[in-house]
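Visitor: Hey, dropping work26.tsv in here, TSV, C-alpha atoms and all ligand atoms:
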chain	number	residue	atom	x	y	z
A	1	GLU	CA	213.13	360.48	87.71
A	2	THR	CA	212.66	356.75	88.15
A	3	LEU	CA	209.75	354.88	86.59
A	4	ILE	CA	208.49	354.14	90.10
A	5	GLU	CA	208.38	357.85	90.96
A	6	LEU	CA	206.69	358.56	87.68
A	7	SER	CA	204.05	355.87	88.19
A	8	LYS	CA	203.23	357.24	91.63
A	9	LYS	CA	202.76	360.77	90.29
A	10	MET	CA	200.59	359.91	87.29
A	11	PRO	CA	196.86	360.56	87.71
A	12	LYS	CA	195.31	357.10	87.66
A	13	THR	CA	191.92	355.42	87.54
A	14	GLU	CA	190.79	352.16	89.09
A	15	LEU	CA	188.31	350.26	86.93
A	16	HIS	CA	188.44	346.79	88.52
A	17	LEU	CA	188.09	346.86	92.27
A	18	HIS	CA	185.87	344.75	94.51
A	19	ILE	CA	185.12	346.81	97.59
A	20	GLU	CA	184.89	343.65	99.70
A	21	GLY	CA	188.40	342.84	98.48
A	22	THR	CA	189.77	345.95	100.19
A	23	PHE	CA	188.98	344.56	103.64
A	24	GLU	CA	192.31	344.74	105.48
A	25	PRO	CA	192.70	342.17	108.27
A	26	GLU	CA	193.09	344.86	110.95
A	27	GLN	CA	189.85	346.53	109.95
A	28	MET	CA	188.15	343.15	109.58
A	29	PHE	CA	189.00	342.25	113.17
A	30	ALA	CA	187.91	345.67	114.44
A	31	ILE	CA	184.51	345.44	112.72
A	32	ALA	CA	184.09	341.79	113.76
A	33	GLN	CA	184.63	342.86	117.34
A	34	ARG	CA	182.20	345.75	117.26
A	35	ASN	CA	179.59	343.51	115.60
A	36	GLN	CA	180.36	340.58	117.92
A	37	VAL	CA	180.90	338.25	114.98
A	38	GLU	CA	183.32	335.34	115.27
A	39	LEU	CA	186.06	335.01	112.66
A	40	LYS	CA	187.53	331.64	111.77
A	41	TYR	CA	191.03	332.95	112.42
A	42	ASN	CA	192.00	334.18	115.89
A	43	THR	CA	194.60	336.77	114.97
A	44	VAL	CA	195.48	339.15	112.18
A	45	ASP	CA	198.68	337.17	111.61
A	46	ALA	CA	196.86	333.83	111.37
A	47	LEU	CA	194.49	335.33	108.83
A	48	LYS	CA	197.29	336.86	106.78
A	49	ALA	CA	199.14	333.54	106.82
A	50	ALA	CA	196.13	331.96	105.11
A	51	TYR	CA	196.48	334.31	102.12
A	52	GLN	CA	198.22	331.75	99.92
A	53	PHE	CA	196.14	330.82	96.96
A	54	THR	CA	196.64	328.32	94.17
A	55	ASN	CA	193.58	329.38	92.21
A	56	LEU	CA	190.56	331.70	92.18
A	57	GLN	CA	188.37	329.47	94.33
A	58	ASP	CA	190.94	329.31	97.16
A	59	PHE	CA	190.77	333.07	97.34
A	60	LEU	CA	186.99	333.31	97.01
A	61	ASP	CA	186.50	331.01	100.00
A	62	LEU	CA	188.40	333.48	102.21
A	63	TYR	CA	186.87	336.52	100.53
A	64	TYR	CA	183.32	335.40	101.36
A	65	GLN	CA	184.37	334.57	104.93
A	66	GLY	CA	185.95	337.98	105.36
A	67	MET	CA	182.97	339.95	104.14
A	68	SER	CA	180.67	338.08	106.55
A	69	VAL	CA	181.44	340.56	109.34
A	70	LEU	CA	179.87	343.44	107.38
A	71	LEU	CA	176.41	344.04	108.82
A	72	HIS	CA	175.60	347.72	109.19
A	73	GLU	CA	175.66	350.80	106.99
A	74	ALA	CA	178.60	352.17	108.97
A	75	ASP	CA	180.59	349.00	108.18
A	76	PHE	CA	180.15	349.54	104.45
A	77	TYR	CA	180.95	353.22	104.83
A	78	ASP	CA	184.11	352.59	106.85
A	79	LEU	CA	185.32	349.89	104.46
A	80	THR	CA	184.78	352.11	101.43
A	81	MET	CA	186.25	355.24	103.02
A	82	ALA	CA	189.41	353.42	104.12
A	83	TYR	CA	189.94	352.30	100.53
A	84	LEU	CA	189.25	355.74	99.07
A	85	GLU	CA	191.66	357.43	101.49
A	86	LYS	CA	194.34	354.93	100.54
A	87	VAL	CA	194.04	355.42	96.79
A	88	HIS	CA	193.59	359.17	97.07
A	89	SER	CA	197.08	359.18	98.55
A	90	GLU	CA	198.25	357.30	95.41
A	91	ASN	CA	196.91	359.88	92.94
A	92	VAL	CA	193.92	357.81	91.89
A	93	VAL	CA	191.46	360.39	90.57
A	94	HIS	CA	188.53	358.18	89.58
A	95	VAL	CA	187.27	354.80	90.81
A	96	GLU	CA	184.72	352.32	89.49
A	97	ILE	CA	183.83	350.03	92.34
A	98	PHE	CA	182.20	346.60	92.24
A	99	PHE	CA	180.07	345.37	95.09
A	100	ASP	CA	178.57	341.91	95.52
A	101	PRO	CA	175.03	342.42	96.91
A	102	GLN	CA	174.26	338.69	96.92
A	103	GLY	CA	177.19	338.07	99.26
A	104	HIS	CA	175.45	340.20	101.87
A	105	LEU	CA	171.77	339.57	101.11
A	106	SER	CA	172.34	335.90	101.88
A	107	ARG	CA	173.33	336.97	105.42
A	108	GLY	CA	170.27	339.15	105.89
A	109	VAL	CA	171.96	342.49	105.12
A	110	SER	CA	169.56	344.58	103.05
A	111	PHE	CA	170.42	346.09	99.69
A	112	ASP	CA	169.66	349.48	101.20
A	113	VAL	CA	172.21	349.15	104.00
A	114	GLN	CA	174.93	348.06	101.58
A	115	ILE	CA	174.49	350.72	98.94
A	116	GLN	CA	173.86	353.59	101.38
A	117	GLY	CA	177.13	352.94	103.17
A	118	ILE	CA	179.17	352.59	100.00
A	119	TYR	CA	177.54	355.49	98.19
A	120	ASN	CA	177.88	357.93	101.09
A	121	ALA	CA	181.63	357.27	101.16
A	122	LEU	CA	181.90	357.83	97.39
A	123	GLN	CA	180.00	361.12	97.76
A	124	ASP	CA	182.24	362.26	100.61
A	125	ALA	CA	185.34	361.49	98.53
A	126	GLU	CA	184.02	363.60	95.71
A	127	LYS	CA	183.25	366.48	98.08
A	128	LYS	CA	186.61	366.29	99.85
A	129	TRP	CA	188.98	365.60	96.97
A	130	GLY	CA	187.04	365.85	93.72
A	131	MET	CA	187.51	362.12	93.24
A	132	THR	CA	184.85	360.92	90.79
A	133	SER	CA	183.34	357.44	90.85
A	134	LYS	CA	180.86	354.95	89.45
A	135	LEU	CA	179.28	352.03	91.25
A	136	ILE	CA	179.00	348.62	89.56
A	137	MET	CA	176.72	345.95	90.96
A	138	SER	CA	178.04	342.45	90.28
A	139	PHE	CA	176.14	339.21	89.98
A	140	LEU	CA	177.73	336.15	91.55
A	141	ARG	CA	178.03	333.67	88.71
A	142	HIS	CA	178.08	330.57	90.92
A	143	LEU	CA	174.47	331.42	91.81
A	144	SER	CA	171.49	331.07	89.45
A	145	GLU	CA	170.22	333.52	86.88
A	146	GLU	CA	167.00	333.61	88.90
A	147	SER	CA	168.95	334.90	91.90
A	148	ALA	CA	170.52	337.57	89.67
A	149	PHE	CA	167.02	338.62	88.54
A	150	GLU	CA	165.90	338.87	92.19
A	151	THR	CA	168.92	341.03	92.94
A	152	LEU	CA	168.12	343.29	89.99
A	153	GLU	CA	164.61	343.79	91.39
A	154	LEU	CA	166.08	344.86	94.73
A	155	ALA	CA	168.42	347.25	92.92
A	156	LYS	CA	165.65	349.00	90.99
A	157	PRO	CA	164.90	351.68	93.62
A	158	HIS	CA	168.63	352.56	93.58
A	159	LEU	CA	169.38	352.64	89.88
A	160	LYS	CA	170.34	356.31	89.94
A	161	TRP	CA	173.37	355.22	91.99
A	162	ILE	CA	174.27	352.18	89.90
A	163	TYR	CA	176.04	352.82	86.62
A	164	GLY	CA	177.01	349.34	85.51
A	165	ILE	CA	176.53	345.64	86.08
A	166	GLY	CA	179.34	343.10	86.43
A	167	LEU	CA	179.73	339.34	86.64
A	168	ASP	CA	182.19	337.81	89.10
A	169	SER	CA	183.00	334.84	91.38
A	170	SER	CA	183.85	331.27	90.23
A	171	GLU	CA	184.35	331.48	86.47
A	172	VAL	CA	184.89	327.94	85.19
A	173	GLY	CA	181.57	326.14	84.81
A	174	HIS	CA	179.62	329.40	84.91
A	175	PRO	CA	179.87	330.91	81.41
A	176	PRO	CA	178.48	334.33	80.55
A	177	GLU	CA	175.62	332.81	78.53
A	178	LYS	CA	174.13	331.51	81.78
A	179	PHE	CA	173.16	335.16	82.45
A	180	LEU	CA	172.04	336.15	78.96
A	181	ARG	CA	168.48	337.12	79.89
A	182	VAL	CA	169.31	339.06	83.03
A	183	PHE	CA	171.97	341.10	81.21
A	184	GLU	CA	169.43	341.83	78.49
A	185	ALA	CA	167.13	343.22	81.19
A	186	CYS	CA	170.00	345.31	82.59
A	187	LYS	CA	170.78	346.74	79.17
A	188	ASN	CA	167.14	347.67	78.70
A	189	LEU	CA	167.42	349.67	81.93
A	190	GLY	CA	170.28	351.65	80.38
A	191	LEU	CA	173.02	350.07	82.50
A	192	LYS	CA	176.58	349.48	81.27
A	193	ILE	CA	177.74	345.87	81.23
A	194	THR	CA	181.08	344.31	82.09
A	195	ALA	CA	182.04	340.73	82.93
A	196	HIS	CA	185.01	338.87	84.34
A	197	ALA	CA	186.09	336.69	81.44
A	198	GLY	CA	189.25	334.82	80.55
A	199	GLU	CA	190.75	334.99	84.04
A	200	GLU	CA	190.62	331.20	84.45
A	201	GLY	CA	187.92	330.54	81.89
A	202	PRO	CA	188.67	329.73	78.23
A	203	PRO	CA	188.61	332.13	75.26
A	204	ASP	CA	185.09	330.89	74.49
A	205	TYR	CA	183.84	332.65	77.62
A	206	VAL	CA	185.29	335.93	76.33
A	207	TRP	CA	183.57	335.34	72.98
A	208	GLN	CA	180.28	334.82	74.82
A	209	ALA	CA	180.79	338.01	76.81
A	210	ILE	CA	181.29	340.10	73.70
A	211	GLU	CA	179.02	338.40	71.16
A	212	GLN	CA	176.14	337.11	73.28
A	213	ILE	CA	176.10	339.52	76.22
A	214	GLY	CA	177.47	342.53	74.33
A	215	VAL	CA	179.70	343.76	77.15
A	216	ASP	CA	181.06	347.31	77.23
A	217	ARG	CA	184.27	346.15	78.91
A	218	ILE	CA	186.11	342.94	79.81
A	219	ASP	CA	187.49	342.28	83.30
A	220	HIS	CA	190.85	340.46	83.10
A	221	GLY	CA	190.70	338.96	79.60
A	222	ASN	CA	194.11	337.28	79.91
A	223	ARG	CA	193.13	334.12	78.09
A	224	ALA	CA	191.79	336.07	75.11
A	225	LEU	CA	195.40	336.12	73.94
A	226	GLU	CA	195.12	332.41	73.09
A	227	ASP	CA	192.83	333.24	70.15
A	228	ASP	CA	193.97	335.58	67.36
A	229	LYS	CA	190.44	336.08	66.00
A	230	LEU	CA	189.27	337.02	69.47
A	231	ILE	CA	192.04	339.59	69.82
A	232	GLU	CA	190.84	341.14	66.55
A	233	ALA	CA	187.22	341.11	67.74
A	234	ILE	CA	188.15	342.91	70.97
A	235	LYS	CA	190.09	345.53	69.00
A	236	GLN	CA	187.31	345.99	66.48
A	237	ARG	CA	184.88	346.76	69.31
A	238	ASN	CA	187.46	349.00	71.01
A	239	LEU	CA	186.87	347.19	74.33
A	240	THR	CA	188.96	348.01	77.37
A	241	LEU	CA	190.54	345.17	79.39
A	242	THR	CA	190.77	345.74	83.14
A	243	VAL	CA	193.95	343.81	83.90
A	244	CYS	CA	195.11	343.05	87.46
A	245	PRO	CA	198.83	342.17	87.69
A	246	LEU	CA	199.20	341.30	91.39
A	247	SER	CA	195.89	339.44	91.37
A	248	ASN	CA	197.06	337.38	88.41
A	249	LEU	CA	200.25	336.49	90.26
A	250	LYS	CA	198.55	335.59	93.57
A	251	LEU	CA	195.86	333.49	91.88
A	252	CYS	CA	198.40	331.73	89.66
A	253	VAL	CA	196.90	333.08	86.45
A	254	VAL	CA	200.53	333.93	85.66
A	255	ASN	CA	203.45	332.00	87.15
A	256	ASP	CA	205.87	334.91	87.31
A	257	MET	CA	205.48	338.67	86.81
A	258	LYS	CA	208.09	338.52	84.05
A	259	ASN	CA	205.56	336.46	82.06
A	260	HIS	CA	202.68	338.85	82.62
A	261	PRO	CA	200.94	339.51	79.28
A	262	ILE	CA	200.12	343.20	79.78
A	263	LYS	CA	203.02	344.48	77.63
A	264	ASN	CA	202.02	342.06	74.94
A	265	MET	CA	198.44	343.31	75.14
A	266	LEU	CA	199.65	346.85	74.46
A	267	THR	CA	201.85	345.69	71.60
A	268	LEU	CA	198.83	343.95	70.07
A	269	GLY	CA	196.93	347.24	70.27
A	270	LEU	CA	194.55	346.20	73.05
A	271	ASN	CA	193.28	348.81	75.53
A	272	ALA	CA	194.83	347.29	78.66
A	273	THR	CA	194.58	349.06	82.03
A	274	VAL	CA	196.15	348.45	85.46
A	275	ASN	CA	193.90	347.64	88.42
A	276	SER	CA	194.13	346.06	91.85
A	277	ASP	CA	191.06	343.73	91.99
A	278	ASP	CA	191.21	342.75	95.71
A	279	PRO	CA	194.17	344.67	97.10
A	280	ALA	CA	193.84	343.57	100.73
A	281	TYR	CA	194.24	339.95	99.61
A	282	PHE	CA	196.73	340.28	96.77
A	283	GLY	CA	199.48	342.35	98.35
A	284	GLY	CA	198.98	345.79	96.94
A	285	TYR	CA	196.95	348.77	95.82
A	286	MET	CA	197.24	350.76	92.59
A	287	ASN	CA	200.83	351.94	92.93
A	288	ASP	CA	202.01	348.48	94.02
A	289	ASN	CA	200.49	347.06	90.84
A	290	TYR	CA	202.44	349.53	88.73
A	291	ALA	CA	205.57	348.81	90.78
A	292	SER	CA	205.16	345.08	90.21
A	293	LEU	CA	205.18	345.69	86.45
A	294	ILE	CA	208.14	348.07	86.63
A	295	ASN	CA	210.18	345.69	88.80
A	296	GLY	CA	209.04	342.47	87.19
A	297	THR	CA	208.92	343.32	83.48
A	298	SER	CA	210.76	345.51	81.00
A	299	ILE	CA	207.88	347.96	80.75
A	300	SER	CA	208.83	351.38	79.34
A	301	LYS	CA	207.89	354.90	80.31
A	302	GLU	CA	205.74	355.20	77.17
A	303	GLU	CA	203.91	351.99	78.05
A	304	LEU	CA	203.25	353.23	81.59
A	305	PHE	CA	201.74	356.41	80.17
A	306	GLN	CA	199.67	354.36	77.74
A	307	LEU	CA	198.29	352.18	80.55
A	308	ALA	CA	197.29	355.22	82.61
A	309	LYS	CA	195.79	356.90	79.56
A	310	ASN	CA	193.81	353.77	78.71
A	311	GLY	CA	192.45	353.89	82.26
A	312	ILE	CA	191.00	357.31	81.59
A	313	THR	CA	189.66	356.71	78.08
A	314	GLY	CA	188.26	353.28	79.06
A	315	SER	CA	186.53	354.58	82.17
A	316	TRP	CA	182.88	355.51	82.41
A	317	MET	CA	183.56	359.00	83.74
A	318	GLU	CA	181.86	361.96	82.03
A	319	ASP	CA	183.63	363.38	78.98
A	320	HIS	CA	184.44	366.70	80.64
A	321	HIS	CA	186.29	364.81	83.39
A	322	LYS	CA	188.17	362.74	80.80
A	323	GLU	CA	189.28	365.90	79.04
A	324	ARG	CA	190.47	367.31	82.34
A	325	HIS	CA	192.74	364.31	82.96
A	326	LEU	CA	194.11	363.70	79.45
B	401	LIG	N1	185.49	338.39	93.15
B	401	LIG	C1	186.40	339.18	93.70
B	401	LIG	N2	187.54	339.17	92.99
B	401	LIG	C2	187.33	338.33	91.94
B	401	LIG	C3	188.12	337.90	90.84
B	401	LIG	N3	189.37	338.31	90.65
B	401	LIG	N4	187.58	337.03	89.98
B	401	LIG	C4	186.34	336.61	90.15
B	401	LIG	N5	185.56	336.97	91.16
B	401	LIG	C5	186.05	337.84	92.05
B	402	ZN	ZN	187.78	340.94	89.91
Once more with this new file: its structure as structure tokens, please.
Guide:
Amino acid sequence: ETLIELSKKMPKTELHLHIEGTFEPEQMFAIAQRNQVELKYNTVDALKAAYQFTNLQDFLDLYYQGMSVLLHEADFYDLTMAYLEKVHSENVVHVEIFFDPQGHLSRGVSFDVQIQGIYNALQDAEKKWGMTSKLIMSFLRHLSEESAFETLELAKPHLKWIYGIGLDSSEVGHPPEKFLRVFEACKNLGLKITAHAGEEGPPDYVWQAIEQIGVDRIDHGNRALEDDKLIEAIKQRNLTLTVCPLSNLKLCVVNDMKNHPIKNMLTLGLNATVNSDDPAYFGGYMNDNYASLINGTSISKEELFQLAKNGITGSWMEDHHKERHL
């Protein structure tokens, strides 16, 4: 059996996935048409041709444009269900999905509409396939802490559906400590905390995430490897890193897959996992991310198992589900 076949068969989890980043151009055009919204690009091909990024911000500019056609509950449902069907076919058994409420509230789409559509799809996936899930609300870090607090207020009637809080968007210039008070409020509500850190931002941002915010997980974390003391601190706290190989390549966080640090992370004893981040923009879903590591690095069968296992132990699924998958 080849490593590719093996990676496809393994039960996998997805712990770093922006639902708005699963918006395939074909579906984007279909929903734009039914909502009578104009897109900046005239054809699917023209849009796809624009997917060439030199950094995170290049991508984010298109990501916010793309999500602007989402208006109604059915749009959020259809987007989420298309993603879930895709990864169900790839033996993904559990997903933890980020959504960016502020990216829709600013266009007049209510919190209710967003979360109802997404949550109904997650429920249907559990009923149909037994796929378990958690929903993570993310704050956009290029906006103010006050805006994050306002978003948290809007989320309060829906907290039974929200398991964790994340921090995403433009990293450099927007350190975790900017959101210290709002994350404190989230923790007091019993919510789990994760933050994008060390994707483009320096090791200091990862330090802030763990020491000041007290995160339960780190999204990306690539640049933590520049600081030996930080590596030790992450290990000491047993934090999981949600690593995204194809994303890192497309956003030039790594220059070549052969230089991707994920093997090194495992060797150092870090709890690295494989995730797809924004698969519609970065050229692949879960199995493509594993394939990129198999084809681009010298990753071994044991390391592939370890990555998948880390995805289960580092997830926020209930213990009885973890036991079922391990
Ligand atoms: N929003 C969606 N994907 C993101 C990423 N990889 N980094 C920061 N913000 C994001
Ligand atoms: Zn991300």
Visitor: Please return as number ranges by chain every residue within 7 Å of (191.7, 360.6, 76.8), taking into account all atoms listed in the file and the file's own coordinates.
Guide: A: 309, 312-313, 322-323, 326
Visitor: Which of these residues is nearest to His260 (chain A), using all atoms listed in the file: A:Lys229, A:Gly296, A:Tyr281, A:Asn289?
Guide: A:Gly296
Visitor: Taking all atoms listed in the file into account, which of A:Leu266, A:Ile294, A:Leu15, A:Ala185 comes nearest Cys244 (chain A)?
Guide: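 Nearest candidate to Cys244 (chain A) out of A:Leu266, A:Ile294, A:Leu15, A:Ala185: A:Leu15.
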Visitor: Counting all atoms listed in the file, give me one row per residue of chain A with an atom at most 12 Å from an atom of ligand ZN 402 (chain B), showing the shortest contact pair and its distance in Å to one decimal, sorted by chain then residue number, as CSV.
Guide:
residue,atom,partner,partner_atom,distance
A:Glu14,CA,B:ZN402,ZN,11.6
A:Leu15,CA,B:ZN402,ZN,9.8
A:His16,CA,B:ZN402,ZN,6.0
A:Leu17,CA,B:ZN402,ZN,6.4
A:His18,CA,B:ZN402,ZN,6.3
A:Ile19,CA,B:ZN402,ZN,10.0
A:Glu20,CA,B:ZN402,ZN,10.6
A:Gly21,CA,B:ZN402,ZN,8.8
A:Thr22,CA,B:ZN402,ZN,11.6
A:Leu56,CA,B:ZN402,ZN,9.9
A:Phe59,CA,B:ZN402,ZN,11.2
A:Leu60,CA,B:ZN402,ZN,10.5
A:Tyr63,CA,B:ZN402,ZN,11.5
A:Glu96,CA,B:ZN402,ZN,11.8
A:Ile97,CA,B:ZN402,ZN,10.2
A:Phe98,CA,B:ZN402,ZN,8.3
A:Phe99,CA,B:ZN402,ZN,10.3
A:Asp100,CA,B:ZN402,ZN,10.8
A:Ile136,CA,B:ZN402,ZN,11.7
A:Ser138,CA,B:ZN402,ZN,9.9
A:Phe139,CA,B:ZN402,ZN,11.8
A:Leu140,CA,B:ZN402,ZN,11.3
A:Gly166,CA,B:ZN402,ZN,9.4
A:Leu167,CA,B:ZN402,ZN,8.8
A:Asp168,CA,B:ZN402,ZN,6.5
A:Ser169,CA,B:ZN402,ZN,7.9
A:Ser170,CA,B:ZN402,ZN,10.4
A:Glu171,CA,B:ZN402,ZN,10.6
A:Thr194,CA,B:ZN402,ZN,10.8
A:Ala195,CA,B:ZN402,ZN,9.0
A:His196,CA,B:ZN402,ZN,6.6
A:Ala197,CA,B:ZN402,ZN,9.6
A:Gly198,CA,B:ZN402,ZN,11.3
A:Glu199,CA,B:ZN402,ZN,8.9
A:Glu200,CA,B:ZN402,ZN,11.5
A:Ile218,CA,B:ZN402,ZN,10.4
A:Asp219,CA,B:ZN402,ZN,6.8
A:His220,CA,B:ZN402,ZN,7.5
A:Gly221,CA,B:ZN402,ZN,10.9
A:Leu241,CA,B:ZN402,ZN,11.7
A:Thr242,CA,B:ZN402,ZN,8.8
A:Val243,CA,B:ZN402,ZN,9.1
A:Cys244,CA,B:ZN402,ZN,8.0
A:Pro245,CA,B:ZN402,ZN,11.3
A:Leu246,CA,B:ZN402,ZN,11.5
A:Ser247,CA,B:ZN402,ZN,8.4
A:Asn248,CA,B:ZN402,ZN,10.1
A:Leu251,CA,B:ZN402,ZN,11.2
A:Asn275,CA,B:ZN402,ZN,9.2
A:Ser276,CA,B:ZN402,ZN,8.4
A:Asp277,CA,B:ZN402,ZN,4.8
A:Asp278,CA,B:ZN402,ZN,7.0
A:Pro279,CA,B:ZN402,ZN,10.3
A:Tyr281,CA,B:ZN402,ZN,11.7
A:Phe282,CA,B:ZN402,ZN,11.3
Visitor: Keeping only C-alpha atoms, take the residues you just selected and write them out as a CSV table (one decimal), in the frame of the given file.
Guide:
chain,number,residue,atom,x,y,z
A,14,GLU,CA,190.8,352.2,89.1
A,15,LEU,CA,188.3,350.3,86.9
A,16,HIS,CA,188.4,346.8,88.5
A,17,LEU,CA,188.1,346.9,92.3
A,18,HIS,CA,185.9,344.8,94.5
A,19,ILE,CA,185.1,346.8,97.6
A,20,GLU,CA,184.9,343.6,99.7
A,21,GLY,CA,188.4,342.8,98.5
A,22,THR,CA,189.8,346.0,100.2
A,56,LEU,CA,190.6,331.7,92.2
A,59,PHE,CA,190.8,333.1,97.3
A,60,LEU,CA,187.0,333.3,97.0
A,63,TYR,CA,186.9,336.5,100.5
A,96,GLU,CA,184.7,352.3,89.5
A,97,ILE,CA,183.8,350.0,92.3
A,98,PHE,CA,182.2,346.6,92.2
A,99,PHE,CA,180.1,345.4,95.1
A,100,ASP,CA,178.6,341.9,95.5
A,136,ILE,CA,179.0,348.6,89.6
A,138,SER,CA,178.0,342.4,90.3
A,139,PHE,CA,176.1,339.2,90.0
A,140,LEU,CA,177.7,336.2,91.6
A,166,GLY,CA,179.3,343.1,86.4
A,167,LEU,CA,179.7,339.3,86.6
A,168,ASP,CA,182.2,337.8,89.1
A,169,SER,CA,183.0,334.8,91.4
A,170,SER,CA,183.8,331.3,90.2
A,171,GLU,CA,184.4,331.5,86.5
A,194,THR,CA,181.1,344.3,82.1
A,195,ALA,CA,182.0,340.7,82.9
A,196,HIS,CA,185.0,338.9,84.3
A,197,ALA,CA,186.1,336.7,81.4
A,198,GLY,CA,189.2,334.8,80.6
A,199,GLU,CA,190.8,335.0,84.0
A,200,GLU,CA,190.6,331.2,84.4
A,218,ILE,CA,186.1,342.9,79.8
A,219,ASP,CA,187.5,342.3,83.3
A,220,HIS,CA,190.8,340.5,83.1
A,221,GLY,CA,190.7,339.0,79.6
A,241,LEU,CA,190.5,345.2,79.4
A,242,THR,CA,190.8,345.7,83.1
A,243,VAL,CA,194.0,343.8,83.9
A,244,CYS,CA,195.1,343.0,87.5
A,245,PRO,CA,198.8,342.2,87.7
A,246,LEU,CA,199.2,341.3,91.4
A,247,SER,CA,195.9,339.4,91.4
A,248,ASN,CA,197.1,337.4,88.4
A,251,LEU,CA,195.9,333.5,91.9
A,275,ASN,CA,193.9,347.6,88.4
A,276,SER,CA,194.1,346.1,91.8
A,277,ASP,CA,191.1,343.7,92.0
A,278,ASP,CA,191.2,342.8,95.7
A,279,PRO,CA,194.2,344.7,97.1
A,281,TYR,CA,194.2,340.0,99.6
A,282,PHE,CA,196.7,340.3,96.8
Visitor: Please compute the CA of Met28 (chain A)-CA of Gly66 (chain A) distance, one decimal, in Å.
Guide: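 Calculated distance between CA of Met28 (chain A) and CA of Gly66 (chain A) is 7.0 Å.
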Visitor: Of the candidates A:Asp61, A:Glu26, A:Glu38, A:Glu146, which shows the shortest atom-to-atom distance to ligand LIG 401 (chain B), using all atoms listed in the file?
Guide: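 Selected residue with least distance to ligand LIG 401 (chain B): A:Asp61.
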Visitor: Quick one: everything within 9 Å of Leu62 (chain A), counting only C-alpha atoms, minus sequence neighbours fewer than 5 positions away in the same chain. Send it as a ChimeraX atom specification.
Guide: /A:50-51,57,67
Visitor: Which residue out of A:Pro202, A:Leu143, A:Leu191, A:Glu177 has the minimum interatomic distance to Trp161 (chain A) when only C-alpha atoms are used?
Guide: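 Among A:Pro202, A:Leu143, A:Leu191, A:Glu177, it is A:Leu191 that comes nearest to Trp161 (chain A).
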Visitor: Let me have the centre and edge lengths in Å, one decimal, of the box along x, y and z around every listed atom of region 170-177 of chain A with 6 Å of margin on each side, as JSON.
Guide:
{"center_x": 180.3, "center_y": 330.2, "center_z": 84.4, "size_x": 21.3, "size_y": 20.2, "size_z": 23.7}
Visitor: Using all atoms listed in the file, pick whichever of A:Gly201, A:Gly314, A:Pro157, A:Gly214 has the shortest atom-to-atom distance to Phe179 (chain A).
Guide: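 The shortest atom-to-atom distance to Phe179 (chain A) comes from A:Gly214.
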Visitor: Quick one: residues within 9 Å of Leu70 (chain A), only C-alpha atoms, excluding same-chain residues fewer than 4 positions away - as a list in words?
Guide: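 Listing them by chain and then by number gives Met28, Ile31, Ala32, Asn35, Gly66, Ala74, Asp75, Phe76, Leu79, His104, Val109 and Gln114 of chain A.
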